>>> print(open('final_31.cif').read())   # mmCIF, C-alpha atoms and all ligand atoms
data_input
loop_
_atom_site.label_atom_id
_atom_site.label_comp_id
_atom_site.auth_asym_id
_atom_site.auth_seq_id
_atom_site.Cartn_x
_atom_site.Cartn_y
_atom_site.Cartn_z
CA MET A 236 12.06 -39.95 -11.19
CA TYR A 237 12.10 -37.39 -8.41
CA ILE A 238 13.92 -34.15 -9.14
CA PHE A 239 16.05 -32.90 -6.23
CA ARG A 240 18.25 -30.33 -7.96
CA VAL A 241 17.82 -28.30 -11.13
CA GLY A 242 20.28 -26.51 -13.42
CA VAL A 243 19.42 -23.66 -15.78
CA VAL A 244 21.79 -22.82 -18.66
CA GLY A 245 21.48 -19.24 -19.94
CA ALA A 246 20.79 -16.54 -17.34
CA GLY A 247 19.00 -14.11 -19.68
CA THR A 248 15.34 -13.06 -19.61
CA MET A 249 13.84 -16.56 -19.50
CA GLY A 250 16.61 -18.42 -17.66
CA ALA A 251 16.47 -16.05 -14.70
CA GLN A 252 12.67 -16.17 -14.54
CA ILE A 253 12.71 -19.97 -14.69
CA ALA A 254 15.32 -20.13 -11.88
CA GLN A 255 13.01 -17.95 -9.78
CA VAL A 256 10.00 -20.19 -10.47
CA VAL A 257 11.98 -23.33 -9.54
CA SER A 258 13.41 -21.83 -6.34
CA TYR A 259 10.00 -20.44 -5.37
CA ALA A 260 8.72 -24.03 -5.42
CA GLY A 261 11.48 -24.93 -2.93
CA LEU A 262 14.00 -26.67 -5.19
CA PRO A 263 17.72 -25.78 -5.29
CA VAL A 264 18.71 -24.38 -8.68
CA VAL A 265 22.07 -23.53 -10.28
CA LEU A 266 21.92 -20.70 -12.83
CA THR A 267 24.80 -20.69 -15.34
CA ASP A 268 25.89 -18.52 -18.25
CA VAL A 269 29.03 -18.00 -20.34
CA THR A 270 30.64 -15.66 -17.81
CA MET A 271 30.28 -15.23 -14.08
CA ASP A 272 29.17 -11.63 -14.72
CA ARG A 273 26.22 -12.76 -16.80
CA ALA A 274 25.30 -15.47 -14.31
CA ARG A 275 25.35 -12.87 -11.51
CA HIS A 276 23.24 -10.55 -13.63
CA GLY A 277 20.72 -13.41 -13.84
CA MET A 278 20.84 -13.78 -10.03
CA GLU A 279 20.05 -10.06 -9.72
CA THR A 280 16.99 -10.57 -11.95
CA VAL A 281 15.85 -13.41 -9.67
CA ARG A 282 16.34 -11.13 -6.66
CA ARG A 283 14.35 -8.33 -8.32
CA ILE A 284 11.42 -10.70 -8.96
CA TYR A 285 11.40 -11.69 -5.27
CA GLN A 286 11.79 -8.03 -4.26
CA ALA A 287 8.69 -7.12 -6.29
CA ARG A 288 6.73 -9.85 -4.47
CA VAL A 289 7.89 -8.45 -1.12
CA GLU A 290 6.83 -4.95 -2.18
CA ARG A 291 3.39 -6.21 -3.17
CA GLY A 292 3.06 -7.83 0.26
CA LYS A 293 3.05 -11.37 -1.22
CA MET A 294 5.96 -12.52 0.94
CA THR A 295 8.16 -11.24 3.77
CA PRO A 296 11.79 -10.14 3.19
CA GLU A 297 12.88 -13.17 5.26
CA GLN A 298 10.92 -15.56 3.07
CA ALA A 299 12.47 -13.97 -0.03
CA GLU A 300 15.97 -14.40 1.46
CA GLU A 301 15.23 -18.06 2.21
CA LYS A 302 14.25 -18.62 -1.41
CA MET A 303 17.36 -16.77 -2.65
CA LEU A 304 19.50 -19.22 -0.66
CA LEU A 305 18.25 -21.94 -3.01
CA VAL A 306 19.73 -20.16 -6.06
CA SER A 307 23.44 -20.39 -6.90
CA SER A 308 25.36 -19.34 -9.99
CA GLY A 309 28.14 -20.74 -12.14
CA CYS A 310 29.88 -20.22 -15.48
CA ASP A 311 30.70 -23.77 -16.54
CA PHE A 312 29.03 -27.13 -16.67
CA ARG A 313 30.94 -28.50 -13.66
CA ALA A 314 28.28 -26.75 -11.57
CA LEU A 315 25.70 -29.03 -13.22
CA GLN A 316 27.30 -32.40 -12.46
CA GLU A 317 24.91 -33.15 -9.61
CA VAL A 318 21.59 -31.99 -11.04
CA ASP A 319 18.70 -34.27 -12.06
CA LEU A 320 17.32 -31.88 -14.63
CA VAL A 321 18.87 -29.15 -16.81
CA ILE A 322 16.67 -26.49 -18.40
CA GLU A 323 18.47 -24.96 -21.37
CA ALA A 324 17.46 -21.32 -22.00
CA VAL A 325 20.25 -19.91 -24.20
CA SER A 326 19.66 -17.76 -27.28
CA GLU A 327 17.40 -19.20 -30.01
CA ASN A 328 20.03 -20.71 -32.28
CA LEU A 329 19.96 -24.37 -33.30
CA ALA A 330 23.74 -24.80 -33.69
CA LEU A 331 24.37 -23.20 -30.27
CA LYS A 332 21.69 -25.25 -28.56
CA ARG A 333 22.89 -28.50 -30.16
CA GLN A 334 26.44 -27.74 -29.00
CA ILE A 335 25.22 -27.06 -25.46
CA LEU A 336 23.08 -30.21 -25.37
CA HIS A 337 26.10 -32.20 -26.58
CA GLU A 338 28.31 -30.76 -23.81
CA LEU A 339 25.62 -31.26 -21.16
CA ASP A 340 25.27 -34.88 -22.27
CA ALA A 341 28.99 -35.40 -21.66
CA GLY A 342 29.09 -33.48 -18.36
CA CYS A 343 25.86 -34.32 -16.52
CA ALA A 344 24.93 -37.46 -14.60
CA PRO A 345 23.80 -40.26 -16.98
CA GLY A 346 20.26 -40.20 -15.60
CA ALA A 347 19.77 -36.44 -15.85
CA MET A 348 17.00 -35.12 -18.09
CA LEU A 349 17.86 -32.32 -20.50
CA VAL A 350 15.01 -30.00 -21.54
CA SER A 351 14.99 -26.97 -23.80
CA ASN A 352 12.94 -23.79 -23.50
CA THR A 353 13.17 -23.23 -27.26
CA SER A 354 10.22 -21.36 -28.79
CA ALA A 355 10.42 -22.93 -32.22
CA LEU A 356 13.41 -25.22 -32.81
CA SER A 357 13.07 -28.95 -33.37
CA ILE A 358 13.22 -30.95 -30.13
CA SER A 359 14.07 -34.08 -32.14
CA ALA A 360 17.11 -32.28 -33.63
CA LEU A 361 18.23 -31.24 -30.13
CA GLY A 362 17.82 -34.78 -28.80
CA ALA A 363 19.87 -36.14 -31.71
CA ALA A 364 22.84 -34.04 -30.54
CA THR A 365 23.07 -36.24 -27.40
CA SER A 366 23.55 -39.89 -26.59
CA ARG A 367 20.34 -39.77 -24.49
CA PRO A 368 17.56 -38.56 -26.85
CA GLY A 369 15.07 -40.48 -24.68
CA LYS A 370 15.77 -38.00 -21.88
CA VAL A 371 15.53 -34.84 -24.00
CA LEU A 372 12.33 -32.86 -24.53
CA GLY A 373 10.91 -29.37 -24.91
CA LEU A 374 9.63 -27.48 -21.89
CA HIS A 375 8.34 -24.16 -23.16
CA PHE A 376 7.67 -21.49 -20.55
CA PHE A 377 5.89 -18.22 -21.35
CA ASN A 378 7.14 -14.74 -20.58
CA PRO A 379 6.98 -13.70 -17.76
CA ALA A 380 7.44 -17.23 -16.41
CA TYR A 381 6.57 -16.19 -12.82
CA ALA A 382 3.13 -14.99 -13.95
CA MET A 383 2.16 -17.27 -16.84
CA PRO A 384 0.79 -20.61 -15.63
CA LEU A 385 1.18 -22.58 -18.87
CA VAL A 386 4.13 -24.72 -19.93
CA GLU A 387 4.10 -26.70 -23.17
CA VAL A 388 5.73 -30.13 -22.84
CA ILE A 389 6.98 -31.27 -26.25
CA PRO A 390 8.36 -34.79 -26.71
CA GLY A 391 10.75 -35.25 -29.64
CA LEU A 392 10.61 -38.31 -31.88
CA ALA A 393 12.91 -40.28 -29.55
CA THR A 394 11.73 -39.00 -26.14
CA ASP A 395 10.79 -41.80 -23.68
CA PRO A 396 7.19 -41.68 -22.35
CA GLU A 397 8.71 -41.95 -18.85
CA THR A 398 10.58 -38.67 -19.39
CA VAL A 399 7.34 -36.99 -20.47
CA ASN A 400 5.61 -38.22 -17.28
CA ASP A 401 8.51 -37.07 -15.12
CA ILE A 402 8.50 -33.60 -16.64
CA VAL A 403 4.72 -33.27 -16.39
CA GLY A 404 5.06 -34.14 -12.68
CA PHE A 405 7.92 -31.67 -12.29
CA ALA A 406 5.92 -28.90 -14.01
CA GLU A 407 3.01 -29.50 -11.65
CA SER A 408 5.36 -29.47 -8.67
CA ILE A 409 6.53 -25.97 -9.64
CA ARG A 410 2.84 -24.92 -9.87
CA LYS A 411 2.54 -24.76 -13.61
CA VAL A 412 -0.16 -26.10 -15.92
CA PRO A 413 1.60 -28.55 -18.28
CA ILE A 414 0.08 -29.40 -21.65
CA VAL A 415 1.68 -32.15 -23.71
CA VAL A 416 1.92 -31.02 -27.32
CA LYS A 417 2.92 -33.07 -30.37
CA GLU A 418 6.00 -31.53 -31.95
CA CYS A 419 5.09 -29.05 -34.70
CA ALA A 420 6.30 -25.60 -35.79
CA GLY A 421 5.35 -22.94 -33.23
CA PHE A 422 4.13 -25.79 -30.99
CA LEU A 423 0.51 -25.11 -30.06
CA VAL A 424 0.20 -21.66 -28.53
CA ASN A 425 2.45 -19.60 -30.80
CA ARG A 426 1.01 -21.33 -33.85
CA LEU A 427 -2.57 -20.35 -32.94
CA LEU A 428 -1.60 -16.95 -31.59
CA MET A 429 0.34 -15.99 -34.71
CA SER A 430 -2.57 -16.79 -37.05
CA TYR A 431 -4.63 -14.32 -34.99
CA LEU A 432 -1.91 -11.64 -34.74
CA ASN A 433 -1.00 -11.83 -38.42
CA GLU A 434 -4.67 -11.39 -39.34
CA ALA A 435 -4.80 -8.30 -37.10
CA VAL A 436 -1.84 -6.83 -39.01
CA LEU A 437 -3.53 -7.64 -42.34
CA CYS A 438 -6.63 -5.72 -41.17
CA VAL A 439 -4.53 -2.62 -40.44
CA GLN A 440 -2.56 -3.08 -43.65
CA GLU A 441 -5.85 -2.90 -45.60
CA ASP A 442 -7.10 0.02 -43.50
CA ALA A 443 -10.11 -2.09 -42.52
CA ALA A 444 -9.77 -0.50 -39.06
CA SER A 445 -7.17 1.35 -37.00
CA CYS A 446 -4.90 -0.39 -34.45
CA LYS A 447 -6.81 1.38 -31.66
CA ASP A 448 -10.25 0.26 -32.91
CA ILE A 449 -9.13 -3.35 -33.31
CA GLU A 450 -7.52 -3.32 -29.86
CA GLN A 451 -10.66 -1.89 -28.27
CA ASP A 452 -12.85 -4.57 -29.86
CA MET A 453 -10.52 -7.39 -28.79
CA LEU A 454 -10.34 -6.02 -25.24
CA ALA A 455 -14.14 -5.83 -25.23
CA PHE A 456 -14.15 -9.51 -26.29
CA GLY A 457 -12.12 -10.18 -23.14
CA MET A 458 -8.53 -10.51 -24.36
CA PRO A 459 -6.11 -9.24 -21.65
CA VAL A 460 -4.18 -7.11 -24.14
CA GLY A 461 -4.81 -5.96 -27.69
CA PRO A 462 -2.94 -7.59 -30.62
CA PHE A 463 -0.75 -4.56 -31.44
CA THR A 464 0.27 -3.92 -27.85
CA LEU A 465 1.17 -7.60 -27.63
CA LEU A 466 3.18 -7.50 -30.89
CA ASP A 467 5.00 -4.34 -29.76
CA THR A 468 5.77 -5.97 -26.39
CA VAL A 469 7.08 -9.24 -27.83
CA GLY A 470 9.09 -7.28 -30.41
CA LEU A 471 8.16 -6.98 -34.09
CA ASP A 472 11.53 -8.44 -35.16
CA ILE A 473 10.99 -11.56 -33.02
CA SER A 474 7.35 -11.84 -34.14
CA TYR A 475 8.43 -11.58 -37.77
CA ASP A 476 11.04 -14.34 -37.23
CA VAL A 477 8.35 -16.60 -35.75
CA ALA A 478 5.95 -15.72 -38.60
CA LYS A 479 8.61 -16.69 -41.17
CA ILE A 480 9.21 -20.08 -39.48
CA LEU A 481 5.47 -20.78 -39.46
CA PHE A 482 5.20 -19.77 -43.13
CA GLU A 483 8.05 -22.13 -44.01
CA HIS A 484 6.27 -25.05 -42.32
CA TYR A 485 2.57 -24.40 -42.99
CA GLY A 486 2.73 -22.60 -46.35
CA PRO A 487 0.72 -19.69 -47.79
CA ARG A 488 -1.99 -19.55 -45.11
CA MET A 489 0.70 -18.34 -42.69
CA ALA A 490 2.39 -15.86 -45.07
CA PRO A 491 3.56 -12.96 -42.86
CA ALA A 492 1.67 -9.69 -43.47
CA ALA A 493 3.69 -7.38 -45.73
CA LEU A 494 3.18 -4.57 -43.21
CA LEU A 495 4.95 -6.54 -40.49
CA ALA A 496 7.95 -7.03 -42.79
CA GLU A 497 7.86 -3.33 -43.71
CA LEU A 498 7.87 -2.20 -40.07
CA VAL A 499 10.84 -4.45 -39.30
CA LYS A 500 12.65 -3.20 -42.43
CA ASN A 501 12.13 0.35 -41.11
CA GLU A 502 13.58 -0.69 -37.73
CA ARG A 503 10.30 -0.32 -35.90
CA PHE A 504 10.86 -3.18 -33.44
CA GLY A 505 8.16 -2.26 -30.91
CA ALA A 506 8.32 -0.98 -27.34
CA LYS A 507 12.01 -1.94 -26.96
CA ASN A 508 13.21 0.70 -29.46
CA GLY A 509 10.39 3.18 -29.00
CA HIS A 510 8.56 2.61 -32.30
CA GLY A 511 6.24 -0.14 -33.47
CA PHE A 512 2.54 -0.05 -34.17
CA TYR A 513 2.55 2.64 -31.50
CA GLU A 514 5.00 5.42 -30.66
CA TYR A 515 6.62 5.13 -27.22
CA GLU A 516 8.93 8.16 -27.38
CA GLY A 517 7.04 11.26 -28.35
CA PRO A 518 4.10 12.11 -30.59
CA ASP A 519 2.89 10.17 -33.61
CA THR A 520 4.75 11.47 -36.68
CA GLY A 521 2.48 9.68 -39.13
CA THR A 522 5.17 7.14 -40.09
CA LEU A 523 2.92 4.11 -39.53
CA GLN A 524 0.23 5.61 -41.77
CA ARG A 525 2.81 6.30 -44.48
CA LEU A 526 4.06 2.70 -44.32
CA ILE A 527 0.47 1.40 -44.48
CA GLU A 528 -0.14 3.48 -47.61
CA LYS A 529 3.12 2.27 -49.15
CA VAL A 530 2.22 -1.39 -48.54
CA GLN A 531 -1.33 -0.85 -49.80
CA HIS A 532 0.06 0.64 -52.96
CA GLU A 533 2.36 -2.37 -53.43
CA THR A 534 -0.15 -5.09 -52.55
CA GLY A 535 -3.31 -3.46 -53.91
CA HIS A 536 -5.24 -4.64 -50.82
CA ARG A 537 -8.69 -3.08 -50.49
CA PRO A 538 -10.28 -2.55 -47.06
CA MET A 539 -12.98 -5.03 -46.04
CA PRO A 540 -15.53 -4.27 -43.33
CA TRP A 541 -13.91 -4.94 -39.94
CA LYS A 542 -15.37 -7.59 -37.60
CA PRO A 543 -13.64 -9.19 -34.59
CA THR A 544 -14.72 -12.64 -35.84
CA ARG A 545 -12.15 -12.23 -38.62
CA LEU A 546 -9.30 -12.61 -36.11
CA LEU A 547 -11.15 -15.14 -33.98
CA CYS A 548 -12.11 -17.36 -36.93
CA ALA A 549 -8.46 -17.36 -38.06
CA MET A 550 -7.47 -18.67 -34.60
CA VAL A 551 -10.38 -21.15 -34.42
CA ASN A 552 -9.55 -22.58 -37.86
CA GLU A 553 -5.90 -23.08 -36.88
CA ALA A 554 -7.06 -24.70 -33.62
CA VAL A 555 -9.19 -27.17 -35.62
CA LEU A 556 -6.28 -27.90 -37.97
CA ALA A 557 -4.07 -28.61 -34.93
CA LEU A 558 -6.81 -30.82 -33.47
CA GLN A 559 -7.06 -32.75 -36.77
CA GLU A 560 -3.30 -33.31 -36.70
CA GLY A 561 -3.47 -34.64 -33.15
CA VAL A 562 -1.22 -31.87 -31.78
CA ALA A 563 -3.34 -31.84 -28.61
CA SER A 564 -6.86 -32.75 -27.49
CA ALA A 565 -9.73 -30.22 -27.74
CA ARG A 566 -9.67 -29.82 -23.97
CA ASP A 567 -5.91 -29.18 -23.91
CA ILE A 568 -6.06 -26.74 -26.83
CA ASP A 569 -8.61 -24.64 -24.95
CA LEU A 570 -6.76 -24.92 -21.65
CA ALA A 571 -3.49 -23.89 -23.32
CA MET A 572 -5.00 -20.79 -24.92
CA VAL A 573 -6.61 -19.66 -21.66
CA ALA A 574 -3.48 -20.30 -19.57
CA GLY A 575 -0.98 -19.30 -22.29
CA ILE A 576 -2.36 -16.11 -23.83
CA GLY A 577 -5.25 -15.22 -21.53
CA PHE A 578 -8.06 -16.16 -23.94
CA PRO A 579 -11.09 -15.00 -21.88
CA LYS A 580 -11.71 -17.55 -19.10
CA GLU A 581 -15.49 -17.30 -19.33
CA LYS A 582 -15.29 -18.23 -23.03
CA GLU A 583 -13.13 -21.25 -22.08
CA GLY A 584 -10.87 -21.20 -25.18
CA PRO A 585 -11.24 -21.03 -28.97
CA LEU A 586 -13.01 -24.39 -29.42
CA HIS A 587 -15.60 -23.72 -26.71
CA TYR A 588 -16.03 -20.29 -28.29
CA ALA A 589 -16.64 -21.96 -31.69
CA ASP A 590 -19.22 -24.25 -30.05
CA SER A 591 -21.01 -21.25 -28.54
CA LEU A 592 -21.01 -19.39 -31.86
CA GLY A 593 -22.27 -22.52 -33.64
CA ILE A 594 -20.03 -24.66 -35.86
CA ASP A 595 -22.35 -23.97 -38.83
CA THR A 596 -21.87 -20.22 -38.26
CA VAL A 597 -18.08 -20.62 -37.97
CA LEU A 598 -18.06 -22.64 -41.21
CA ALA A 599 -20.20 -20.04 -43.02
CA GLU A 600 -17.96 -17.17 -41.79
CA LEU A 601 -14.82 -19.00 -42.91
CA GLU A 602 -16.34 -19.71 -46.32
CA THR A 603 -17.20 -16.03 -46.77
CA TYR A 604 -13.70 -14.96 -45.67
CA ALA A 605 -12.13 -17.55 -47.97
CA GLN A 606 -14.04 -16.02 -50.90
CA THR A 607 -13.39 -12.40 -50.02
CA LEU A 608 -9.97 -12.47 -48.33
CA GLY A 609 -8.28 -15.57 -49.68
CA ALA A 610 -7.60 -19.25 -49.29
CA ARG A 611 -5.87 -18.82 -45.91
CA PHE A 612 -9.42 -19.01 -44.48
CA TRP A 613 -10.16 -22.37 -46.19
CA PRO A 614 -12.17 -24.16 -43.49
CA ALA A 615 -10.56 -27.15 -41.76
CA ALA A 616 -12.19 -30.33 -43.12
CA MET A 617 -13.36 -31.36 -39.65
CA LEU A 618 -15.75 -28.37 -39.49
CA ARG A 619 -17.65 -29.53 -42.58
CA ARG A 620 -17.87 -33.09 -41.19
CA MET A 621 -19.16 -31.79 -37.87
CA VAL A 622 -21.90 -29.70 -39.50
CA ALA A 623 -22.98 -32.61 -41.72
CA ALA A 624 -23.26 -34.85 -38.64
CA GLY A 625 -25.19 -32.30 -36.55
CA PHE A 626 -22.29 -31.54 -34.20
CA THR A 627 -23.08 -27.84 -34.46
CA GLY A 628 -22.08 -26.72 -30.99
CA SER A 629 -23.53 -26.00 -27.58
CA ALA A 630 -27.08 -25.24 -28.82
CA ALA A 631 -27.22 -28.74 -30.35
CA GLY A 632 -25.74 -30.28 -27.20
CA ARG A 633 -22.63 -31.47 -29.03
CA GLY A 634 -19.76 -29.91 -30.92
CA PHE A 635 -16.10 -30.08 -29.94
CA PHE A 636 -17.48 -30.81 -26.47
CA THR A 637 -20.66 -32.38 -25.14
CA TYR A 638 -23.17 -30.14 -23.35
P1 LIG A 701 18.31 -13.88 -23.73
O1 LIG A 701 19.07 -13.36 -24.89
O2 LIG A 701 17.68 -12.93 -22.79
O3 LIG A 701 19.25 -14.86 -22.87
C1 LIG A 701 20.05 -15.84 -23.44
C2 LIG A 701 21.21 -16.09 -22.49
O4 LIG A 701 21.94 -17.22 -22.96
C3 LIG A 701 22.20 -14.92 -22.43
O5 LIG A 701 22.38 -14.53 -21.08
C4 LIG A 701 23.48 -15.52 -23.01
O6 LIG A 701 24.66 -15.00 -22.42
C5 LIG A 701 23.29 -16.99 -22.67
N1 LIG A 701 24.17 -17.86 -23.45
C6 LIG A 701 24.50 -17.77 -24.77
N2 LIG A 701 25.38 -18.75 -25.06
C7 LIG A 701 25.59 -19.48 -23.94
C8 LIG A 701 26.41 -20.60 -23.61
N3 LIG A 701 27.17 -21.16 -24.54
N4 LIG A 701 26.37 -21.07 -22.37
C9 LIG A 701 25.59 -20.50 -21.42
N5 LIG A 701 24.82 -19.43 -21.67
C10 LIG A 701 24.83 -18.92 -22.90
O7 LIG A 701 17.23 -14.88 -24.37
P2 LIG A 701 15.79 -15.26 -23.80
O8 LIG A 701 14.79 -14.28 -24.29
O9 LIG A 701 15.89 -15.55 -22.34
O10 LIG A 701 15.51 -16.61 -24.60
C11 LIG A 701 16.11 -17.84 -24.22
C12 LIG A 701 15.34 -18.98 -24.83
O11 LIG A 701 14.00 -18.94 -24.37
C13 LIG A 701 15.26 -18.93 -26.35
O12 LIG A 701 15.31 -20.25 -26.85
C14 LIG A 701 13.90 -18.31 -26.63
O13 LIG A 701 13.36 -18.68 -27.87
C15 LIG A 701 13.10 -18.90 -25.49
N6 LIG A 701 11.90 -18.14 -25.09
C16 LIG A 701 11.94 -16.79 -24.99
C17 LIG A 701 10.81 -16.10 -24.58
C18 LIG A 701 10.82 -14.60 -24.44
O14 LIG A 701 9.75 -13.99 -24.40
N7 LIG A 701 11.99 -13.99 -24.31
C19 LIG A 701 9.62 -16.80 -24.28
C20 LIG A 701 9.63 -18.20 -24.36
C21 LIG A 701 10.78 -18.87 -24.77
#
>>> encode(input="final_31.cif", output="structure tokens")
Amino acid sequence: MYIFRVGVVGAGTMGAQIAQVVSYAGLPVVLTDVTMDRARHGMETVRRIYQARVERGKMTPEQAEEKMLLVSSGCDFRALQEVDLVIEAVSENLALKRQILHELDAGCAPGAMLVSNTSALSISALGAATSRPGKVLGLHFFNPAYAMPLVEVIPGLATDPETVNDIVGFAESIRKVPIVVKECAGFLVNRLLMSYLNEAVLCVQEDAASCKDIEQDMLAFGMPVGPFTLLDTVGLDISYDVAKILFEHYGPRMAPAALLAELVKNERFGAKNGHGFYEYEGPDTGTLQRLIEKVQHETGHRPMPWKPTRLLCAMVNEAVLALQEGVASARDIDLAMVAGIGFPKEKEGPLHYADSLGIDTVLAELETYAQTLGARFWPAAMLRRMVAAGFTGSAAGRGFFTY
């Protein structure tokens, strides 16, 4: 199905960015919110994104104006009667999203597809709130949507394959890299990313290394930003919410680090309120160190020698678990992590990285970590099978990929 007109519901951070991406690709888009004021505020965000492109010399003011003509605003669903696709980007609340999907189902054309930008909620549950679950699926953009190439496409239990194909085609037409992901908590990227970020917090919690040292080592590995800067940017409250959802679904291996909970309890939410793993308003008062000592006292964690492979093996193991579950193919897992979080391009993603390290080495590292740090490092069964069969990575000519 060709998409001629798009609607976006929720003109906040993501909704406005998505409207810009859609209009930039040349499609008319209606941006709606609960009030006209909020919808207009979203339009201003779209304008600011175009303005920044003009200032960087990426487009002329006339071209930006032409694109802005494609964006209109509204504060009720009547504005969405004529669209072929609605992208829902309201606040992350299942009851609210189900209500909106239900109303969209009643108000939109019968053939319109309804997709949600949810970060973690069940797509199947959203589809079940409509009479057209076959036309409902997840389309997860990353922040900032105008810069991040990846979108995760998540079919629910009742989504028609045709809808998946249509949305993959749409995502490509707006110049994104779509990866189809089997529905699971955190989908693919946040699930793998959180296992890595949580391990980084555990390292600091134990005093294995300082935030700065860990960041430097991960930047040297090629990550575009260090784990604590990323956590502070996303918001420690939001990260903790995601960590709790993953814990609920995957169990003890995803238990949120006590230090993350402690920082949130102490209202250190990251860059947005000036305090997180770093201080953004004035000098370091030693609060983080005091909280680390408090948590250490409570948990009795002892520092282990710091090595970057500790974080990377946590991510690789989760990638292999996702592969075993059929969440995505090895190729798509790697592509998603490069396009979604900026895993170093030359290392081609966590599974290629595991192949280059040697699957036997990865297995041995995980076994050591499982003994010293705990069962969360229990190696994915597939790794043991691969080693036994000689699929030990690039040096052997075969691993997750063939060389
Ligand atoms: P936000 O709070 O910035 O914006 C949400 C908007 O939804 C607000 O403008 C609000 O007025 C509007 N809204 C609430 N109820 C509404 C209703 N009944 N009808 C129309 N509009 C309504 O939130 P956000 O950060 O843009 O997140 C939106 C969605 O995108 C969430 O599901 C979130 O999980 C997901 N997401 C966020 C990010 C991120 O980094 N912020 C990244 C990926 C996905």
>>> residues_around(input="final_31.cif", residues="Leu471 of chain A", least_positions_apart="2", cutoff="12 Å", atoms="all atoms listed in the file", output="VMD selection string")
chain A and resid 429 432 to 433 436 462 to 469 473 to 478 491 to 492 494 to 513
>>> closest_residue(input="final_31.cif", among="A:Pro459, A:Gly575, A:Pro413, A:Pro396", to="ligand LIG 701 (chain A)", atoms="all atoms listed in the file")
A:Gly575
>>> closest_residue(input="final_31.cif", among="A:Phe376, A:Phe312, A:Phe636, A:Phe239", to="ligand LIG 701 (chain A)", atoms="only C-alpha atoms and all ligand atoms")
A:Phe376
>>> residues_around(input="final_31.cif", residues="Ser408 of chain A", least_positions_apart="6", cutoff="10 Å", atoms="only C-alpha atoms", output="PyMOL selection string")
chain A and resi 238+257+260-262+402
>>> write_last_selection(input="final_31.cif", atoms="C-alpha atoms", output="PDB file, in the frame of the given file")
ATOM      1  CA  ILE A 238      13.920 -34.150  -9.140  1.00  0.00           C
ATOM      2  CA  VAL A 257      11.980 -23.330  -9.540  1.00  0.00           C
ATOM      3  CA  ALA A 260       8.720 -24.030  -5.420  1.00  0.00           C
ATOM      4  CA  GLY A 261      11.480 -24.930  -2.930  1.00  0.00           C
ATOM      5  CA  LEU A 262      14.000 -26.670  -5.190  1.00  0.00           C
ATOM      6  CA  ILE A 402       8.500 -33.600 -16.640  1.00  0.00           C
TER       7      ILE A 402
END
>>> residues_around(input="final_31.cif", residues="Leu315 of chain A", least_positions_apart="5", cutoff="8 Å", atoms="only C-alpha atoms", output="PyMOL selection string")
chain A and resi 242+265+321+342-343
>>> residues_near_ligand(input="final_31.cif", ligand="ligand LIG 701 (chain A)", cutoff="9 Å", atoms="only C-alpha atoms and all ligand atoms", output="PyMOL selection string")
chain A and resi 243-252+267-270+273-274+276-277+310-312+323-329+331-332+334-335+351-356+375-380+469
>>> write_last_selection(input="final_31.cif", atoms="C-alpha atoms", output="mmCIF file, keeping the file's coordinate frame")
data_model
loop_
_atom_site.group_PDB
_atom_site.id
_atom_site.type_symbol
_atom_site.label_atom_id
_atom_site.label_comp_id
_atom_site.auth_asym_id
_atom_site.auth_seq_id
_atom_site.Cartn_x
_atom_site.Cartn_y
_atom_site.Cartn_z
ATOM 1 C CA VAL A 243 19.420 -23.660 -15.780
ATOM 2 C CA VAL A 244 21.790 -22.820 -18.660
ATOM 3 C CA GLY A 245 21.480 -19.240 -19.940
ATOM 4 C CA ALA A 246 20.790 -16.540 -17.340
ATOM 5 C CA GLY A 247 19.000 -14.110 -19.680
ATOM 6 C CA THR A 248 15.340 -13.060 -19.610
ATOM 7 C CA MET A 249 13.840 -16.560 -19.500
ATOM 8 C CA GLY A 250 16.610 -18.420 -17.660
ATOM 9 C CA ALA A 251 16.470 -16.050 -14.700
ATOM 10 C CA GLN A 252 12.670 -16.170 -14.540
ATOM 11 C CA THR A 267 24.800 -20.690 -15.340
ATOM 12 C CA ASP A 268 25.890 -18.520 -18.250
ATOM 13 C CA VAL A 269 29.030 -18.000 -20.340
ATOM 14 C CA THR A 270 30.640 -15.660 -17.810
ATOM 15 C CA ARG A 273 26.220 -12.760 -16.800
ATOM 16 C CA ALA A 274 25.300 -15.470 -14.310
ATOM 17 C CA HIS A 276 23.240 -10.550 -13.630
ATOM 18 C CA GLY A 277 20.720 -13.410 -13.840
ATOM 19 C CA CYS A 310 29.880 -20.220 -15.480
ATOM 20 C CA ASP A 311 30.700 -23.770 -16.540
ATOM 21 C CA PHE A 312 29.030 -27.130 -16.670
ATOM 22 C CA GLU A 323 18.470 -24.960 -21.370
ATOM 23 C CA ALA A 324 17.460 -21.320 -22.000
ATOM 24 C CA VAL A 325 20.250 -19.910 -24.200
ATOM 25 C CA SER A 326 19.660 -17.760 -27.280
ATOM 26 C CA GLU A 327 17.400 -19.200 -30.010
ATOM 27 C CA ASN A 328 20.030 -20.710 -32.280
ATOM 28 C CA LEU A 329 19.960 -24.370 -33.300
ATOM 29 C CA LEU A 331 24.370 -23.200 -30.270
ATOM 30 C CA LYS A 332 21.690 -25.250 -28.560
ATOM 31 C CA GLN A 334 26.440 -27.740 -29.000
ATOM 32 C CA ILE A 335 25.220 -27.060 -25.460
ATOM 33 C CA SER A 351 14.990 -26.970 -23.800
ATOM 34 C CA ASN A 352 12.940 -23.790 -23.500
ATOM 35 C CA THR A 353 13.170 -23.230 -27.260
ATOM 36 C CA SER A 354 10.220 -21.360 -28.790
ATOM 37 C CA ALA A 355 10.420 -22.930 -32.220
ATOM 38 C CA LEU A 356 13.410 -25.220 -32.810
ATOM 39 C CA HIS A 375 8.340 -24.160 -23.160
ATOM 40 C CA PHE A 376 7.670 -21.490 -20.550
ATOM 41 C CA PHE A 377 5.890 -18.220 -21.350
ATOM 42 C CA ASN A 378 7.140 -14.740 -20.580
ATOM 43 C CA PRO A 379 6.980 -13.700 -17.760
ATOM 44 C CA ALA A 380 7.440 -17.230 -16.410
ATOM 45 C CA VAL A 469 7.080 -9.240 -27.830
#
